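Here the structure is laid out as structure tokens; the discussion comes afterwards.
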Amino acid sequence: MGVPPKNNARWKEIVTGKKTCTLKFLAGKILLARLIRAAATDPGSIPAAIDELHAMFTKNAENPSVKQDLETIFS
């Protein structure tokens, strides 16, 4: 599975905490926790949070843990 486009609604669901899942990629887990906290305190930060999370997944797309996390989030 490739990295879905940023306009996929699931990105917003995950950075706002509406969809929860346990990530295997440690950097993703840490980043997501920070982004969820930021989005909760400032809803205006959601687009930037989506950009940041998408960029991290895109940069590490070949990592087996990232591939598993993408399947978990988007399936």
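Note on naming: chains are A, B, ... as they come in the structure tokens, residues start from 1 per chain, ligands start from 1 in the order shown.
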
Residues within 10 Å of Ala27 of chain A, only C-alpha atoms, excluding chain neighbours under 2 positions, as a ChimeraX atom specification: /A:23-25,29-32,56-57,60,66

Selection above as a file: N, CA and C atoms, as a CSV table (one decimal), in the first residue's frame:
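Just written: selection.csv:
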```
chain,number,residue,atom,x,y,z
A,23,LEU,N,0.1,2.3,16.7
A,23,LEU,CA,1.2,2.3,15.7
A,23,LEU,C,2.4,1.5,16.1
A,24,LYS,N,3.0,0.9,15.1
A,24,LYS,CA,4.2,0.1,15.4
A,24,LYS,C,5.5,0.9,15.2
A,25,PHE,N,5.4,1.9,14.3
A,25,PHE,CA,6.6,2.8,14.0
A,25,PHE,C,6.7,3.8,15.2
A,29,LYS,N,4.4,7.0,16.3
A,29,LYS,CA,3.6,6.9,17.5
A,29,LYS,C,3.9,8.2,18.3
A,30,ILE,N,5.1,8.6,18.4
A,30,ILE,CA,5.5,9.8,19.2
A,30,ILE,C,4.9,11.1,18.5
A,31,LEU,N,5.1,11.2,17.2
A,31,LEU,CA,4.6,12.3,16.4
A,31,LEU,C,3.1,12.4,16.5
A,32,LEU,N,2.4,11.3,16.4
A,32,LEU,CA,0.9,11.3,16.4
A,32,LEU,C,0.4,11.7,17.8
A,56,MET,N,5.9,12.5,7.2
A,56,MET,CA,6.7,11.5,8.0
A,56,MET,C,6.4,10.1,7.4
A,57,PHE,N,5.1,9.8,7.1
A,57,PHE,CA,4.8,8.5,6.5
A,57,PHE,C,5.4,8.4,5.1
A,60,ASN,N,9.2,7.7,5.2
A,60,ASN,CA,9.6,6.4,5.7
A,60,ASN,C,8.7,5.3,5.1
A,66,VAL,N,6.1,1.1,9.0
A,66,VAL,CA,5.3,2.1,8.4
A,66,VAL,C,4.2,1.5,7.5
```

Which neighbours of Asp51 of chain A fall inside 8 Å, counting only C-alpha atoms, when residues of the same chain fewer than 4 positions from it are skipped, and could you give them as a PDB file with all heavy atoms, in the first residue's frame?
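Contents of out33.pdb, freshly written:
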```
ATOM      1  N   LYS A   6      -3.200  13.384   1.057  1.00  0.00           N
ATOM      2  CA  LYS A   6      -3.542  14.151   2.258  1.00  0.00           C
ATOM      3  C   LYS A   6      -5.023  14.457   2.364  1.00  0.00           C
ATOM      4  O   LYS A   6      -5.520  14.671   3.461  1.00  0.00           O
ATOM      5  CB  LYS A   6      -2.762  15.468   2.299  1.00  0.00           C
ATOM      6  CG  LYS A   6      -1.303  15.310   2.580  1.00  0.00           C
ATOM      7  CD  LYS A   6      -0.676  16.663   2.759  1.00  0.00           C
ATOM      8  CE  LYS A   6       0.358  16.881   1.698  1.00  0.00           C
ATOM      9  NZ  LYS A   6       1.020  18.170   1.822  1.00  0.00           N
ATOM     10  N   PRO A  47      -4.777  21.141   9.671  1.00  0.00           N
ATOM     11  CA  PRO A  47      -4.138  20.980   8.352  1.00  0.00           C
ATOM     12  C   PRO A  47      -2.616  20.824   8.432  1.00  0.00           C
ATOM     13  O   PRO A  47      -2.032  19.995   7.720  1.00  0.00           O
ATOM     14  CB  PRO A  47      -4.524  22.256   7.601  1.00  0.00           C
ATOM     15  CG  PRO A  47      -5.792  22.710   8.254  1.00  0.00           C
ATOM     16  CD  PRO A  47      -5.625  22.346   9.704  1.00  0.00           C
ATOM     17  N   ALA A  55       3.921  13.722   5.684  1.00  0.00           N
ATOM     18  CA  ALA A  55       5.331  13.823   5.285  1.00  0.00           C
ATOM     19  C   ALA A  55       6.168  12.748   5.972  1.00  0.00           C
ATOM     20  O   ALA A  55       7.047  12.142   5.344  1.00  0.00           O
ATOM     21  CB  ALA A  55       5.870  15.206   5.615  1.00  0.00           C
TER      22      ALA A  55
END
```

Using only C-alpha atoms, can you tell me which of A:Ala33, A:Ala38, A:Ile73, A:Ala61 comes closest to Asn8 of chain A? A:Ile73

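Take the candidates A:Ile50, A:Thr58, A:Pro64, A:Pro5 and check each one against Ile36 of chain A using only C-alpha atoms; the shortest distance goes to A:Ile50.
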
I need the helix (DSSP H, G or I) residues of segment 11-67 of chain A per DSSP on the backbone, written as number ranges by chain. A: 11-16, 26-41, 43-59, 64-67

Residues from the last selection, C-alpha atoms, saved as a PDB file, in the first residue's frame:
```pdb
ATOM      1  CA  TRP A  11      -5.751  11.615   8.020  1.00  0.00           C
ATOM      2  CA  LYS A  12      -8.016  14.125   9.751  1.00  0.00           C
ATOM      3  CA  GLU A  13      -9.667  11.379  11.797  1.00  0.00           C
ATOM      4  CA  ILE A  14      -6.335  10.170  13.107  1.00  0.00           C
ATOM      5  CA  VAL A  15      -4.796  13.570  13.955  1.00  0.00           C
ATOM      6  CA  THR A  16      -7.962  14.628  15.764  1.00  0.00           C
ATOM      7  CA  LEU A  26       7.965   4.513  17.148  1.00  0.00           C
ATOM      8  CA  ALA A  27       8.580   7.878  15.475  1.00  0.00           C
ATOM      9  CA  GLY A  28       5.033   7.812  14.134  1.00  0.00           C
ATOM     10  CA  LYS A  29       3.629   6.945  17.526  1.00  0.00           C
ATOM     11  CA  ILE A  30       5.454   9.838  19.189  1.00  0.00           C
ATOM     12  CA  LEU A  31       4.574  12.307  16.428  1.00  0.00           C
ATOM     13  CA  LEU A  32       0.926  11.290  16.401  1.00  0.00           C
ATOM     14  CA  ALA A  33       0.591  11.726  20.169  1.00  0.00           C
ATOM     15  CA  ARG A  34       1.976  15.257  19.869  1.00  0.00           C
ATOM     16  CA  LEU A  35      -0.249  16.110  16.907  1.00  0.00           C
ATOM     17  CA  ILE A  36      -3.399  14.854  18.641  1.00  0.00           C
ATOM     18  CA  ARG A  37      -2.630  17.044  21.672  1.00  0.00           C
ATOM     19  CA  ALA A  38      -1.965  20.055  19.423  1.00  0.00           C
ATOM     20  CA  ALA A  39      -5.172  19.532  17.421  1.00  0.00           C
ATOM     21  CA  ALA A  40      -7.193  19.235  20.627  1.00  0.00           C
ATOM     22  CA  THR A  41      -5.969  22.584  21.916  1.00  0.00           C
ATOM     23  CA  PRO A  43      -8.293  23.039  15.855  1.00  0.00           C
ATOM     24  CA  GLY A  44      -6.695  25.457  13.401  1.00  0.00           C
ATOM     25  CA  SER A  45      -3.541  23.359  13.527  1.00  0.00           C
ATOM     26  CA  ILE A  46      -5.237  20.300  11.976  1.00  0.00           C
ATOM     27  CA  PRO A  47      -4.138  20.980   8.352  1.00  0.00           C
ATOM     28  CA  ALA A  48      -0.518  21.452   9.468  1.00  0.00           C
ATOM     29  CA  ALA A  49      -0.766  18.280  11.562  1.00  0.00           C
ATOM     30  CA  ILE A  50      -1.998  16.329   8.540  1.00  0.00           C
ATOM     31  CA  ASP A  51       0.871  17.727   6.465  1.00  0.00           C
ATOM     32  CA  GLU A  52       3.440  16.749   9.094  1.00  0.00           C
ATOM     33  CA  LEU A  53       2.110  13.224   9.616  1.00  0.00           C
ATOM     34  CA  HIS A  54       1.753  12.626   5.873  1.00  0.00           C
ATOM     35  CA  ALA A  55       5.331  13.823   5.285  1.00  0.00           C
ATOM     36  CA  MET A  56       6.668  11.470   7.973  1.00  0.00           C
ATOM     37  CA  PHE A  57       4.835   8.480   6.480  1.00  0.00           C
ATOM     38  CA  THR A  58       5.944   9.430   2.953  1.00  0.00           C
ATOM     39  CA  LYS A  59       9.588   9.799   3.999  1.00  0.00           C
ATOM     40  CA  PRO A  64       8.059  -2.391   7.236  1.00  0.00           C
ATOM     41  CA  SER A  65       6.544  -0.885  10.394  1.00  0.00           C
ATOM     42  CA  VAL A  66       5.266   2.104   8.427  1.00  0.00           C
ATOM     43  CA  LYS A  67       3.698  -0.216   5.863  1.00  0.00           C
TER      44      LYS A  67
END
```

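The spacing separating atom CA of Asp42 of chain A from atom CA of Gln68 of chain A amounts to 29.3 Å.
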
Hey, can you check how far atom CA of Phe74 of chain A sits from atom CA of Glu62 of chain A? 16.4 Å
